[in-house]
Structure formats: C-alpha cells, structure tokens
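As provided, my_file25.cif (mmCIF, C-alpha atoms) reads as follows.
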data_target
#
loop_
_atom_site.label_atom_id
_atom_site.label_comp_id
_atom_site.auth_asym_id
_atom_site.auth_seq_id
_atom_site.Cartn_x
_atom_site.Cartn_y
_atom_site.Cartn_z
CA MET A 1 3.52 8.91 -13.34
CA SER A 2 6.97 9.20 -14.88
CA GLU A 3 8.35 10.53 -11.62
CA ARG A 4 11.39 8.77 -10.19
CA SER A 5 10.54 9.08 -6.47
CA LEU A 6 7.02 7.85 -7.05
CA GLU A 7 8.19 4.88 -9.10
CA ALA A 8 10.82 4.01 -6.50
CA LEU A 9 8.12 4.08 -3.81
CA ILE A 10 5.77 1.82 -5.80
CA GLU A 11 8.68 -0.57 -6.48
CA ALA A 12 9.60 -0.68 -2.78
CA LEU A 13 5.99 -1.32 -1.72
CA ARG A 14 5.77 -4.22 -4.21
CA ARG A 15 8.39 -6.09 -2.23
CA LEU A 16 5.96 -6.46 0.67
CA PRO A 17 4.40 -9.95 0.76
CA GLY A 18 0.99 -10.08 -0.95
CA VAL A 19 1.35 -6.69 -2.65
CA GLY A 20 1.17 -6.51 -6.47
CA VAL A 21 1.58 -3.55 -8.83
CA LYS A 22 -2.00 -2.29 -8.46
CA SER A 23 -1.98 -2.47 -4.67
CA ALA A 24 1.43 -0.80 -4.51
CA GLN A 25 0.15 2.05 -6.72
CA ARG A 26 -2.94 2.43 -4.60
CA MET A 27 -0.83 2.50 -1.41
CA ALA A 28 1.59 5.08 -2.83
CA PHE A 29 -1.20 7.38 -4.07
CA HIS A 30 -3.07 7.02 -0.79
CA LEU A 31 0.00 7.91 1.28
CA LEU A 32 0.91 10.91 -0.88
CA GLN A 33 -2.64 12.18 -1.23
CA HIS A 34 -4.17 11.48 2.16
CA ASP A 35 -1.58 10.33 4.68
CA ARG A 36 1.87 11.90 4.37
CA ASP A 37 2.11 11.77 8.13
CA GLY A 38 1.51 8.00 7.97
CA ALA A 39 4.20 7.65 5.30
CA GLN A 40 6.74 9.43 7.48
CA ARG A 41 5.73 7.37 10.47
CA LEU A 42 6.15 4.16 8.45
CA ALA A 43 9.59 5.26 7.22
CA HIS A 44 10.65 5.96 10.80
CA ALA A 45 9.19 2.67 12.11
CA LEU A 46 11.01 0.69 9.40
CA THR A 47 14.35 2.32 10.19
CA GLN A 48 13.90 1.83 13.93
CA ALA A 49 12.88 -1.81 13.55
CA VAL A 50 15.72 -2.68 11.16
CA GLN A 51 18.25 -1.06 13.48
CA GLY A 52 16.80 -2.26 16.77
CA VAL A 53 15.11 -5.63 16.30
CA HIS A 54 17.25 -8.79 16.35
CA HIS A 55 16.81 -12.43 17.30
CA CYS A 56 16.73 -13.33 20.98
CA GLN A 57 19.92 -15.25 21.79
CA ARG A 58 17.96 -17.92 23.64
CA CYS A 59 14.59 -18.42 21.89
CA HIS A 60 15.33 -16.80 18.53
CA THR A 61 12.18 -14.62 18.52
CA PHE A 62 12.39 -10.93 17.56
CA THR A 63 13.57 -8.68 20.37
CA GLU A 64 15.38 -5.40 20.96
CA ALA A 65 17.39 -6.75 23.91
CA PRO A 66 20.04 -9.49 23.61
CA VAL A 67 17.61 -11.85 25.40
CA CYS A 68 13.82 -11.31 25.23
CA GLY A 69 11.64 -10.52 28.24
CA LEU A 70 9.96 -13.91 28.21
CA CYS A 71 13.25 -15.84 28.35
CA GLU A 72 14.39 -13.60 31.24
CA ASP A 73 11.13 -14.11 33.20
CA PRO A 74 12.09 -16.04 36.39
CA GLY A 75 8.47 -17.25 36.73
CA ARG A 76 8.65 -19.56 33.69
CA ASP A 77 9.30 -23.29 33.89
CA THR A 78 12.76 -23.78 32.36
CA ARG A 79 12.26 -27.53 31.92
CA GLN A 80 9.70 -27.12 29.12
CA LEU A 81 10.51 -25.75 25.67
CA LEU A 82 7.68 -25.17 23.19
CA VAL A 83 8.67 -24.93 19.51
CA VAL A 84 6.57 -22.68 17.22
CA GLU A 85 6.97 -21.53 13.61
CA THR A 86 6.58 -17.77 14.07
CA PRO A 87 6.40 -15.02 16.69
CA ALA A 88 2.66 -14.77 15.84
CA ASP A 89 2.18 -18.44 16.86
CA GLN A 90 4.08 -17.70 20.06
CA ALA A 91 1.76 -14.76 20.76
CA ALA A 92 -1.30 -16.97 20.17
CA MET A 93 0.01 -19.57 22.61
CA GLU A 94 0.73 -16.87 25.21
CA ARG A 95 -2.80 -15.51 24.88
CA THR A 96 -4.20 -18.90 25.95
CA GLY A 97 -2.53 -18.33 29.34
CA SER A 98 -2.14 -22.10 29.71
CA TYR A 99 1.59 -22.49 29.12
CA ARG A 100 4.23 -21.52 31.70
CA GLY A 101 7.41 -22.89 30.06
CA LEU A 102 9.81 -21.30 27.60
CA TYR A 103 9.73 -21.05 23.80
CA PHE A 104 11.85 -21.58 20.74
CA VAL A 105 10.75 -19.72 17.60
CA LEU A 106 11.85 -21.48 14.40
CA MET A 107 11.14 -18.59 12.01
CA GLY A 108 9.50 -20.80 9.42
CA ARG A 109 9.08 -24.48 8.62
CA LEU A 110 10.80 -26.94 6.35
CA SER A 111 9.74 -26.44 2.75
CA PRO A 112 12.13 -28.26 0.44
CA LEU A 113 10.20 -27.13 -2.67
CA ASP A 114 10.84 -23.47 -1.74
CA GLY A 115 14.44 -24.23 -0.82
CA VAL A 116 13.82 -23.82 2.93
CA GLY A 117 16.01 -26.35 4.71
CA LEU A 118 17.13 -27.18 8.26
CA ASP A 119 19.58 -24.29 8.52
CA ASP A 120 17.08 -21.68 7.30
CA ILE A 121 14.65 -22.27 10.14
CA GLY A 122 17.31 -22.34 12.87
CA VAL A 123 17.32 -26.04 13.71
CA HIS A 124 20.90 -26.04 14.96
CA PRO A 125 20.32 -23.21 17.46
CA LEU A 126 17.26 -25.19 18.64
CA LEU A 127 19.27 -28.38 19.19
CA GLU A 128 21.87 -26.40 21.09
CA ARG A 129 19.20 -24.65 23.16
CA ALA A 130 17.34 -27.88 23.95
CA THR A 131 20.48 -29.67 25.16
CA ASP A 132 21.39 -27.10 27.82
CA GLY A 133 20.90 -29.75 30.53
CA VAL A 134 17.86 -27.98 32.01
CA VAL A 135 15.23 -28.62 29.33
CA GLU A 136 13.51 -31.99 29.83
CA GLU A 137 10.53 -31.83 27.48
CA VAL A 138 10.28 -30.28 24.03
CA ILE A 139 6.70 -29.62 22.89
CA LEU A 140 6.42 -29.39 19.11
CA ALA A 141 3.76 -26.82 18.19
CA THR A 142 4.54 -26.37 14.49
CA GLY A 143 1.45 -26.18 12.27
CA PHE A 144 -0.59 -29.20 11.20
CA SER A 145 -0.02 -28.52 7.51
CA ALA A 146 2.08 -31.03 5.54
CA GLU A 147 5.14 -28.82 5.99
CA GLY A 148 4.52 -28.24 9.69
CA GLU A 149 4.13 -31.99 10.23
CA ALA A 150 7.33 -32.73 8.29
CA THR A 151 9.18 -30.16 10.37
CA ALA A 152 7.84 -31.72 13.58
CA HIS A 153 8.87 -35.19 12.39
CA VAL A 154 12.46 -34.16 11.60
CA LEU A 155 12.82 -32.23 14.86
CA SER A 156 11.32 -35.07 16.87
CA GLN A 157 13.92 -37.52 15.58
CA ALA A 158 16.85 -35.15 16.16
CA LEU A 159 15.66 -34.32 19.70
CA LYS A 160 14.85 -37.90 20.77
CA VAL A 161 18.36 -39.01 19.77
CA ARG A 162 19.63 -36.44 22.28
CA GLY A 163 17.65 -38.04 25.11
CA LEU A 164 14.85 -35.47 25.35
CA THR A 165 11.15 -36.15 25.88
CA VAL A 166 9.38 -34.92 22.75
CA THR A 167 5.63 -34.26 22.61
CA ARG A 168 3.30 -32.79 20.00
CA LEU A 169 0.19 -30.63 20.42
CA ALA A 170 -2.92 -32.85 20.35
CA ARG A 171 -4.92 -33.07 17.17
CA GLY A 172 -8.67 -33.21 17.64
CA VAL A 173 -12.03 -31.58 17.23
CA PRO A 174 -11.81 -27.77 17.68
CA ALA A 175 -13.66 -26.27 20.62
CA GLY A 176 -17.23 -25.23 19.79
CA SER A 177 -17.51 -27.25 16.59
CA GLU A 178 -20.20 -29.73 15.54
CA LEU A 179 -18.91 -33.16 14.54
CA GLU A 180 -20.83 -33.17 11.25
CA TYR A 181 -18.83 -30.17 9.97
CA VAL A 182 -15.38 -31.38 11.08
CA ASP A 183 -13.21 -32.97 8.37
CA LEU A 184 -12.83 -36.74 8.48
CA SER A 185 -9.09 -36.80 9.08
CA THR A 186 -9.55 -34.64 12.18
CA ILE A 187 -12.31 -36.93 13.48
CA ALA A 188 -10.17 -40.01 12.85
CA HIS A 189 -7.28 -38.46 14.80
CA ALA A 190 -9.60 -37.37 17.61
CA LEU A 191 -10.88 -40.95 17.86
CA SER A 192 -7.48 -42.60 17.94
CA ASP A 193 -6.17 -40.02 20.47
CA ARG A 194 -9.29 -40.26 22.67
CA ARG A 195 -8.78 -39.91 26.40
CA MET B 28 6.06 -9.72 20.37
CA SER B 29 6.06 -7.24 23.25
CA GLU B 30 8.75 -5.21 21.50
CA ARG B 31 8.10 -1.53 20.98
CA SER B 32 9.81 -1.12 17.59
CA LEU B 33 8.09 -4.18 16.21
CA GLU B 34 4.68 -3.03 17.43
CA ALA B 35 5.25 0.46 16.03
CA LEU B 36 6.14 -1.09 12.65
CA ILE B 37 3.02 -3.28 12.61
CA GLU B 38 0.91 -0.27 13.58
CA ALA B 39 2.44 1.86 10.80
CA LEU B 40 1.91 -0.87 8.19
CA ARG B 41 -1.76 -1.17 9.22
CA ARG B 42 -2.35 2.39 8.00
CA LEU B 43 -1.74 1.27 4.42
CA PRO B 44 -5.02 0.81 2.51
CA GLY B 45 -6.21 -2.80 2.49
CA VAL B 46 -3.81 -3.96 5.22
CA GLY B 47 -5.26 -5.46 8.42
CA VAL B 48 -3.54 -6.69 11.59
CA LYS B 49 -2.64 -10.12 10.22
CA SER B 50 -1.21 -8.75 6.96
CA ALA B 51 0.72 -6.08 8.83
CA GLN B 52 2.23 -8.73 11.12
CA ARG B 53 3.14 -10.89 8.15
CA MET B 54 4.74 -7.93 6.37
CA ALA B 55 6.73 -6.91 9.47
CA PHE B 56 7.97 -10.46 10.11
CA HIS B 57 8.82 -10.93 6.46
CA LEU B 58 10.83 -7.72 6.29
CA LEU B 59 12.73 -8.41 9.51
CA GLN B 60 13.35 -12.08 8.76
CA HIS B 61 13.96 -12.12 5.02
CA ASP B 62 14.25 -8.61 3.58
CA ARG B 63 15.91 -6.03 5.81
CA ASP B 64 17.38 -4.50 2.69
CA GLY B 65 13.84 -4.09 1.30
CA ALA B 66 12.72 -2.48 4.57
CA GLN B 67 15.51 0.07 4.38
CA ARG B 68 14.78 0.72 0.73
CA LEU B 69 11.10 1.28 1.52
CA ALA B 70 11.94 3.68 4.36
CA HIS B 71 14.18 5.65 2.01
CA ALA B 72 11.61 5.66 -0.81
CA LEU B 73 8.89 6.90 1.56
CA THR B 74 11.04 9.76 2.83
CA GLN B 75 12.11 10.75 -0.69
CA ALA B 76 8.56 10.68 -2.02
CA VAL B 77 7.09 12.65 0.88
CA GLN B 78 9.78 15.29 0.51
CA GLY B 79 9.93 15.42 -3.27
CA VAL B 80 6.51 14.63 -4.73
CA HIS B 81 3.92 17.40 -4.94
CA HIS B 82 0.96 18.28 -7.14
CA CYS B 83 1.65 19.68 -10.61
CA GLN B 84 0.58 23.35 -10.62
CA ARG B 85 -1.29 22.86 -13.88
CA CYS B 86 -2.81 19.37 -13.97
CA HIS B 87 -2.63 18.48 -10.27
CA THR B 88 -1.00 15.07 -10.84
CA PHE B 89 1.96 13.97 -8.72
CA THR B 90 5.27 15.40 -9.84
CA GLU B 91 8.66 16.37 -8.49
CA ALA B 92 8.88 19.56 -10.61
CA PRO B 93 6.55 22.57 -10.18
CA VAL B 94 4.90 21.60 -13.50
CA CYS B 95 4.91 17.97 -14.73
CA GLY B 96 6.62 16.81 -17.92
CA LEU B 97 3.36 16.16 -19.72
CA CYS B 98 2.02 19.70 -19.11
CA GLU B 99 5.36 21.09 -20.35
CA ASP B 100 5.33 18.98 -23.53
CA PRO B 101 4.99 21.43 -26.48
CA GLY B 102 3.64 18.60 -28.67
CA ARG B 103 0.33 18.32 -26.79
CA ASP B 104 -2.92 19.95 -27.93
CA THR B 105 -3.62 22.69 -25.36
CA ARG B 106 -7.25 23.05 -26.45
CA GLN B 107 -8.27 19.67 -25.00
CA LEU B 108 -8.36 18.87 -21.29
CA LEU B 109 -9.15 15.31 -20.18
CA VAL B 110 -10.31 14.88 -16.56
CA VAL B 111 -9.43 11.63 -14.74
CA GLU B 112 -9.82 10.45 -11.15
CA THR B 113 -6.29 9.28 -10.45
CA PRO B 114 -2.72 9.29 -11.83
CA ALA B 115 -3.26 5.57 -12.56
CA ASP B 116 -6.21 6.43 -14.84
CA GLN B 117 -4.02 9.05 -16.53
CA ALA B 118 -1.32 6.43 -17.11
CA ALA B 119 -3.90 4.03 -18.61
CA MET B 120 -5.12 6.74 -21.00
CA GLU B 121 -1.53 7.56 -22.00
CA ARG B 122 -0.82 3.90 -22.75
CA THR B 123 -3.60 3.89 -25.37
CA GLY B 124 -1.54 6.40 -27.36
CA SER B 125 -4.76 7.86 -28.76
CA TYR B 126 -4.96 11.13 -26.85
CA ARG B 127 -2.75 14.15 -27.60
CA GLY B 128 -4.31 16.83 -25.35
CA LEU B 129 -3.61 17.73 -21.73
CA TYR B 130 -4.94 16.29 -18.47
CA PHE B 131 -6.41 17.30 -15.18
CA VAL B 132 -6.15 14.77 -12.35
CA LEU B 133 -8.93 15.11 -9.77
CA MET B 134 -7.36 12.93 -7.08
CA GLY B 135 -10.59 11.16 -6.31
CA ARG B 136 -14.28 11.44 -7.02
CA LEU B 137 -17.25 12.85 -5.18
CA SER B 138 -18.38 10.53 -2.43
CA PRO B 139 -20.72 12.37 -0.06
CA LEU B 140 -21.15 9.28 2.14
CA ASP B 141 -17.41 9.22 2.81
CA GLY B 142 -17.31 12.98 3.27
CA VAL B 143 -15.49 13.59 -0.02
CA GLY B 144 -16.82 16.85 -1.46
CA LEU B 145 -16.01 19.26 -4.25
CA ASP B 146 -13.01 20.83 -2.50
CA ASP B 147 -11.42 17.48 -1.64
CA ILE B 148 -11.08 16.41 -5.26
CA GLY B 149 -9.75 19.76 -6.48
CA VAL B 150 -12.74 21.02 -8.45
CA HIS B 151 -11.84 24.68 -8.01
CA PRO B 152 -8.32 24.29 -9.44
CA LEU B 153 -9.97 22.42 -12.35
CA LEU B 154 -12.44 25.26 -13.04
CA GLU B 155 -9.57 27.75 -12.90
CA ARG B 156 -7.44 25.58 -15.18
CA ALA B 157 -10.25 25.01 -17.71
CA THR B 158 -11.05 28.72 -18.01
CA ASP B 159 -7.52 29.79 -19.05
CA GLY B 160 -8.87 30.96 -22.43
CA VAL B 161 -7.00 28.25 -24.34
CA VAL B 162 -8.96 25.12 -23.37
CA GLU B 163 -11.99 24.60 -25.62
CA GLU B 164 -13.12 21.07 -24.82
CA VAL B 165 -13.15 19.28 -21.48
CA ILE B 166 -13.40 15.47 -21.80
CA LEU B 167 -14.78 13.87 -18.63
CA ALA B 168 -13.11 10.49 -18.10
CA THR B 169 -14.10 9.81 -14.51
CA GLY B 170 -15.17 6.21 -13.86
CA PHE B 171 -18.56 4.80 -14.78
CA SER B 172 -19.38 3.87 -11.19
CA ALA B 173 -22.23 5.74 -9.46
CA GLU B 174 -19.73 8.10 -7.84
CA GLY B 175 -17.76 8.65 -11.06
CA GLU B 176 -21.00 9.45 -12.92
CA ALA B 177 -22.11 11.87 -10.19
CA THR B 178 -18.73 13.59 -10.35
CA ALA B 179 -18.98 13.88 -14.14
CA HIS B 180 -22.50 15.30 -13.82
CA VAL B 181 -21.51 18.02 -11.34
CA LEU B 182 -18.37 18.94 -13.32
CA SER B 183 -20.30 19.01 -16.58
CA GLN B 184 -22.77 21.57 -15.23
CA ALA B 185 -20.08 23.81 -13.73
CA LEU B 186 -18.02 23.72 -16.94
CA LYS B 187 -20.89 24.30 -19.37
CA VAL B 188 -21.93 27.41 -17.43
CA ARG B 189 -18.45 28.73 -18.17
CA GLY B 190 -18.97 28.31 -21.91
CA LEU B 191 -16.83 25.20 -22.44
CA THR B 192 -17.63 22.22 -24.66
CA VAL B 193 -17.99 19.23 -22.32
CA THR B 194 -17.84 15.62 -23.54
CA ARG B 195 -17.83 12.25 -21.79
CA LEU B 196 -16.04 9.01 -22.73
CA ALA B 197 -18.42 6.77 -24.69
CA ARG B 198 -20.13 3.95 -22.88
CA GLY B 199 -20.47 0.76 -24.87
CA VAL B 200 -19.52 -2.85 -25.36
CA PRO B 201 -15.87 -3.51 -24.40
CA ALA B 202 -13.52 -4.57 -27.20
CA GLY B 203 -13.29 -8.35 -27.60
CA SER B 204 -16.46 -9.16 -25.67
CA GLU B 205 -19.43 -11.30 -26.70
CA LEU B 206 -22.81 -9.60 -26.43
CA GLU B 207 -24.33 -12.46 -24.47
CA TYR B 208 -21.92 -11.87 -21.56
CA VAL B 209 -22.19 -8.07 -21.46
CA ASP B 210 -24.50 -6.61 -18.79
CA LEU B 211 -27.83 -5.24 -19.97
CA SER B 212 -27.24 -1.64 -18.94
CA THR B 213 -24.07 -1.55 -21.06
CA ILE B 214 -25.92 -3.01 -24.08
CA ALA B 215 -28.75 -0.48 -23.65
CA HIS B 216 -26.24 2.39 -23.60
CA ALA B 217 -24.37 0.98 -26.59
CA LEU B 218 -27.64 0.80 -28.50
CA SER B 219 -28.75 4.36 -27.71
CA ASP B 220 -25.26 5.74 -28.44
CA ARG B 221 -24.89 3.73 -31.71
CA ARG B 222 -23.01 5.44 -34.53
#
Show me the file's structure as structure tokens.
Amino acid sequence: MSERSLEALIEALRRLPGVGVKSAQRMAFHLLQHDRDGAQRLAHALTQAVQGVHHCQRCHTFTEAPVCGLCEDPGRDTRQLLVVETPADQAAMERTGSYRGLYFVLMGRLSPLDGVGLDDIGVHPLLERATDGVVEEVILATGFSAEGEATAHVLSQALKVRGLTVTRLARGVPAGSELEYVDLSTIAHALSDRR
Amino acid sequence: MSERSLEALIEALRRLPGVGVKSAQRMAFHLLQHDRDGAQRLAHALTQAVQGVHHCQRCHTFTEAPVCGLCEDPGRDTRQLLVVETPADQAAMERTGSYRGLYFVLMGRLSPLDGVGLDDIGVHPLLERATDGVVEEVILATGFSAEGEATAHVLSQALKVRGLTVTRLARGVPAGSELEYVDLSTIAHALSDRR
C-alpha cells in the first residue's frame, strides 16, 4: 500500500465525479488484480478522447470533427434550434425521433452558488449561433430544476431581445402516470397549459 | 454522441466496478468538459501501475519491487503471519499499530457462486509461504462475512495439517458500541468468547 504507482492511480481515480477514497481503492485493486487489459484500454481511451474530442463549432457538443455529423446533416430543419444542457440530453431528444431541427448544447446550466455563470455554459456562442439569420425559433429544453428554469429564463430574455421566437418544452403529466401519484406543481402546470 | 473516441471512453469507464452507463457518461463528460488534465493524469497513472505494480513474491500484496517493503523490514516478527483478504485490509491492520508480524494478502476470498476457488485467491502460495520453517502462527483475519468465514475455515484445516498454530481474530462487541444496538449473533459470540 505504500507503493507510489498504486497511490498515484488511486489519487487519479478519486478525481472522477462520485468516486471517493474507498471506491477509488476498490477500482484500482480490481483493475490490477482482475482486469489489467481493461486498465490499458481505459488509459488508451482517455488519451484518444482528450486528443481527439473537441466542441463542435456550430452546436458546441463533443465531436472529433470541426463540425459534428448532426449539424452537417442536410436533412435537418435549420430554422429550429433546440437548446439542451448536456450531450446526454441531446441523445435523449434524438432517441424520441420527434425532432428534426438542429441543437445547441450548453454544457451545463447557470448555478451562481457553484460559480457557474453565463460564460461557463457558452451563452455567447449560443447567441451568436441563434442570430445567424436562418434560425427562427429557439426551443429551450434545459431541465425543469430550479437551475434549469433560471437558465431558460435568462436565455429567453436574451434571445427575445434579438427578435427570435422562443419556446419552452411543455410541462405536464408524464406519459403512463396516474394523476394521484403526480406531484401537485406538475398537475397545476398541466391544468394551466391544457390544450 | 455518435463519436467513436467518446463511446470508447464511456465503454472503458463502464468496466470499472460499480460504474453503470449513466455514471460512465457523466465521468466522460466531466473529464472532457472540466478536467482534461485529470483525464491525462489518470491515463498516465493507469499505464504506470499496469507496468510497474506486481505481486510481492513473499506476501502477495501489490508492490513495485520483487519483495515489498514490509516483508523486507528487519523489525518485523517473522514467526507470525497474518492473512487478510485485500491490501486495504492490510492497510487497516497496519494503522492499528498493534501488529508486528508479517502478512499474506489473499487477494479475495472463496466465493464458489462467483467461481472464485482456492487457486484464484492464492491459497497455494500461502501454504508454501507458511511452511518456510520460520512461521509458527498463522492469524486468519479474513472478513466475518459468510464467505470470509468459509475461507478461514478451509485455510485453517489446510494449515493445521501442516503443523502450524492457527488463530482467528476475536469476534465481539465493537469498541464504543452500546449492547442494545449490537446484533444478537455478535453478543452471543462475545459471551462465549468472554475472557
């Protein structure tokens, strides 16, 4: 346990989000004892990703090309721009198969308490992207947490000033759920936004 | 999200124990967005550890030298050999400062349901190590789980046949605990092992 390489590995694993000392130890022992091949593969994948993956010049998501495949797709509607917090949210939206426009990936949401401000989540690139003269509607699909809502509010104001149509994903009762188990705030929103 | 390097990284992170798809995604995004330096450091640490860390020839723990520092320490009592499941257990025992003998690290415990047998946890190297003519007492400090107890039982029989004194860590009431909150099996053991 007083081995430098092993300690350096545990220390490096601790920097992963959600990994404490015990988990990092368990991961290091597991890799060295049972999965040295996996450790080498992870080292290689990390190096490749750090060298190769950058932000798409247009939508800001992670990509290995200057512009990502989705932004280059001629079949997408260039007049719609949907704003999400993370590439994972973008992937979820794509899996629905119900959106044919383009995206902008913020890489986070406003969180003043954690020191995450407008510049950190790429608001200026978004404003530039949205005012290219082609985009007509910006759909805000940030989360419905307090921070996601605040982010949507700030973006909405900045985008409306620039003459864009700004919409927000509908709030309402989730598919497949029974009213009695849905929280009251959701029911209230679903009622006021009824159609 | 349809990027090869990024997918390879998520896939490699998923092989870590306790990491599912969502955690792996979060880790990959975090590293690429906020901690590229950490990603590079982790890649380096993995490579160094895989290349440099091996099992100690005497106690089987992880070490970068052929024999670990603890086994080489002339101040330790060579007549006592304490058997633990993992290097983390060894570290915990060392922190108590109350043991001056040597160790043997099993790297696991018997778990027939998971296909972990005698050879997988290094029982043969232990038997060889314990019968060097110097070791007199083997202290079994495997865990007090069902699997740890089974491991201790099997080891105890194999070691006694070879003429060694075999002891087991005492079971009893943990320091600082109130009897009323201690489980019944522990109290029963503490009673029968009273001194």
All file atoms of segment 164-170 of chain A boxed axis-aligned, 3 Å per side, centre plus edges, as AutoDock Vina command-line options:
--center_x 6.0 --center_y -33.4 --center_z 22.9 --size_x 23.8 --size_y 11.5 --size_z 11.9
key: Pairwise distance for atom CA of Leu43 of chain B and atom CA of Gly38 of chain A, rounded to one decimal in Å   =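 Going from atom CA of Leu43 of chain B over to atom CA of Gly38 of chain A covers 8.3 Å.
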task = Using the chain letters and residue numbers of this document, give as a VMD selection string the residues selected by the PyMOL selection byres ((chain B and resi 129) around 9).
result = chain B and resid 86 97 to 98 103 to 110 126 to 128 130 to 131
Let's have the selection written as a PDB file, in the coordinates of the input, with C-alpha atoms.
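Written out: selection_28.pdb:
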ATOM      1  CA  CYS B  86      -2.810  19.370 -13.970  1.00  0.00           C
ATOM      2  CA  LEU B  97       3.360  16.160 -19.720  1.00  0.00           C
ATOM      3  CA  CYS B  98       2.020  19.700 -19.110  1.00  0.00           C
ATOM      4  CA  ARG B 103       0.330  18.320 -26.790  1.00  0.00           C
ATOM      5  CA  ASP B 104      -2.920  19.950 -27.930  1.00  0.00           C
ATOM      6  CA  THR B 105      -3.620  22.690 -25.360  1.00  0.00           C
ATOM      7  CA  ARG B 106      -7.250  23.050 -26.450  1.00  0.00           C
ATOM      8  CA  GLN B 107      -8.270  19.670 -25.000  1.00  0.00           C
ATOM      9  CA  LEU B 108      -8.360  18.870 -21.290  1.00  0.00           C
ATOM     10  CA  LEU B 109      -9.150  15.310 -20.180  1.00  0.00           C
ATOM     11  CA  VAL B 110     -10.310  14.880 -16.560  1.00  0.00           C
ATOM     12  CA  TYR B 126      -4.960  11.130 -26.850  1.00  0.00           C
ATOM     13  CA  ARG B 127      -2.750  14.150 -27.600  1.00  0.00           C
ATOM     14  CA  GLY B 128      -4.310  16.830 -25.350  1.00  0.00           C
ATOM     15  CA  TYR B 130      -4.940  16.290 -18.470  1.00  0.00           C
ATOM     16  CA  PHE B 131      -6.410  17.300 -15.180  1.00  0.00           C
TER      17      PHE B 131
END
Please, which residues in chain A fall within 7 Å of chain B when counting only C-alpha atoms, and what is the closest atom pair and distance in Å to one decimal for each, ordered by chain then residue number, as a tab-separated table?
residue	atom	partner	partner_atom	distance
A:Met1	CA	B:Pro114	CA	6.4
A:Glu3	CA	B:Thr90	CA	6.0
A:Ser5	CA	B:Ala76	CA	5.1
A:Leu6	CA	B:Ala76	CA	6.0
A:Ala8	CA	B:Ala72	CA	6.0
A:Leu9	CA	B:Ala72	CA	4.9
A:Ala12	CA	B:Leu69	CA	5.0
A:Leu13	CA	B:Leu69	CA	6.6
A:Arg15	CA	B:Gly65	CA	6.8
A:Leu16	CA	B:Met54	CA	6.0
A:Pro17	CA	B:Met54	CA	6.0
A:Met27	CA	B:Pro44	CA	6.0
A:Leu32	CA	B:Val77	CA	6.7
A:Arg36	CA	B:Val77	CA	6.3
A:Gly38	CA	B:Arg42	CA	6.8
A:Ala39	CA	B:Leu73	CA	6.0
A:Gln40	CA	B:Thr74	CA	6.3
A:Arg41	CA	B:Ala39	CA	6.4
A:Leu42	CA	B:Ala39	CA	5.0
A:Ala43	CA	B:Ala70	CA	4.0
A:His44	CA	B:Ala70	CA	7.0
A:Ala45	CA	B:Leu36	CA	4.9
A:Leu46	CA	B:Ala70	CA	5.9
A:Thr47	CA	B:Gln67	CA	6.3
A:Gln48	CA	B:Ser32	CA	6.2
A:Ala49	CA	B:Ser32	CA	5.1
A:Val50	CA	B:Arg63	CA	6.3
A:Thr63	CA	B:Glu30	CA	6.0
A:Glu64	CA	B:Glu30	CA	6.7
A:Pro87	CA	B:Met28	CA	6.5
A:Ala91	CA	B:Met28	CA	6.6
Dump as an mmCIF file, in the coordinates of the input, selection limited to C-alpha atoms:
data_model
loop_
_atom_site.group_PDB
_atom_site.id
_atom_site.type_symbol
_atom_site.label_atom_id
_atom_site.label_comp_id
_atom_site.auth_asym_id
_atom_site.auth_seq_id
_atom_site.Cartn_x
_atom_site.Cartn_y
_atom_site.Cartn_z
ATOM 1 C CA MET A 1 3.520 8.910 -13.340
ATOM 2 C CA GLU A 3 8.350 10.530 -11.620
ATOM 3 C CA SER A 5 10.540 9.080 -6.470
ATOM 4 C CA LEU A 6 7.020 7.850 -7.050
ATOM 5 C CA ALA A 8 10.820 4.010 -6.500
ATOM 6 C CA LEU A 9 8.120 4.080 -3.810
ATOM 7 C CA ALA A 12 9.600 -0.680 -2.780
ATOM 8 C CA LEU A 13 5.990 -1.320 -1.720
ATOM 9 C CA ARG A 15 8.390 -6.090 -2.230
ATOM 10 C CA LEU A 16 5.960 -6.460 0.670
ATOM 11 C CA PRO A 17 4.400 -9.950 0.760
ATOM 12 C CA MET A 27 -0.830 2.500 -1.410
ATOM 13 C CA LEU A 32 0.910 10.910 -0.880
ATOM 14 C CA ARG A 36 1.870 11.900 4.370
ATOM 15 C CA GLY A 38 1.510 8.000 7.970
ATOM 16 C CA ALA A 39 4.200 7.650 5.300
ATOM 17 C CA GLN A 40 6.740 9.430 7.480
ATOM 18 C CA ARG A 41 5.730 7.370 10.470
ATOM 19 C CA LEU A 42 6.150 4.160 8.450
ATOM 20 C CA ALA A 43 9.590 5.260 7.220
ATOM 21 C CA HIS A 44 10.650 5.960 10.800
ATOM 22 C CA ALA A 45 9.190 2.670 12.110
ATOM 23 C CA LEU A 46 11.010 0.690 9.400
ATOM 24 C CA THR A 47 14.350 2.320 10.190
ATOM 25 C CA GLN A 48 13.900 1.830 13.930
ATOM 26 C CA ALA A 49 12.880 -1.810 13.550
ATOM 27 C CA VAL A 50 15.720 -2.680 11.160
ATOM 28 C CA THR A 63 13.570 -8.680 20.370
ATOM 29 C CA GLU A 64 15.380 -5.400 20.960
ATOM 30 C CA PRO A 87 6.400 -15.020 16.690
ATOM 31 C CA ALA A 91 1.760 -14.760 20.760
#
task = Quote the spacing between atom CA of Val138 of chain A and atom CA of Leu164 of chain A in Å to one decimal place.
result =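 Going from atom CA of Val138 of chain A over to atom CA of Leu164 of chain A, I get 7.0 Å.
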ask   = Distance atom CA of Tyr181 of chain A-atom CA of Phe144 of chain A, one decimal place?
value = 18.3 Å
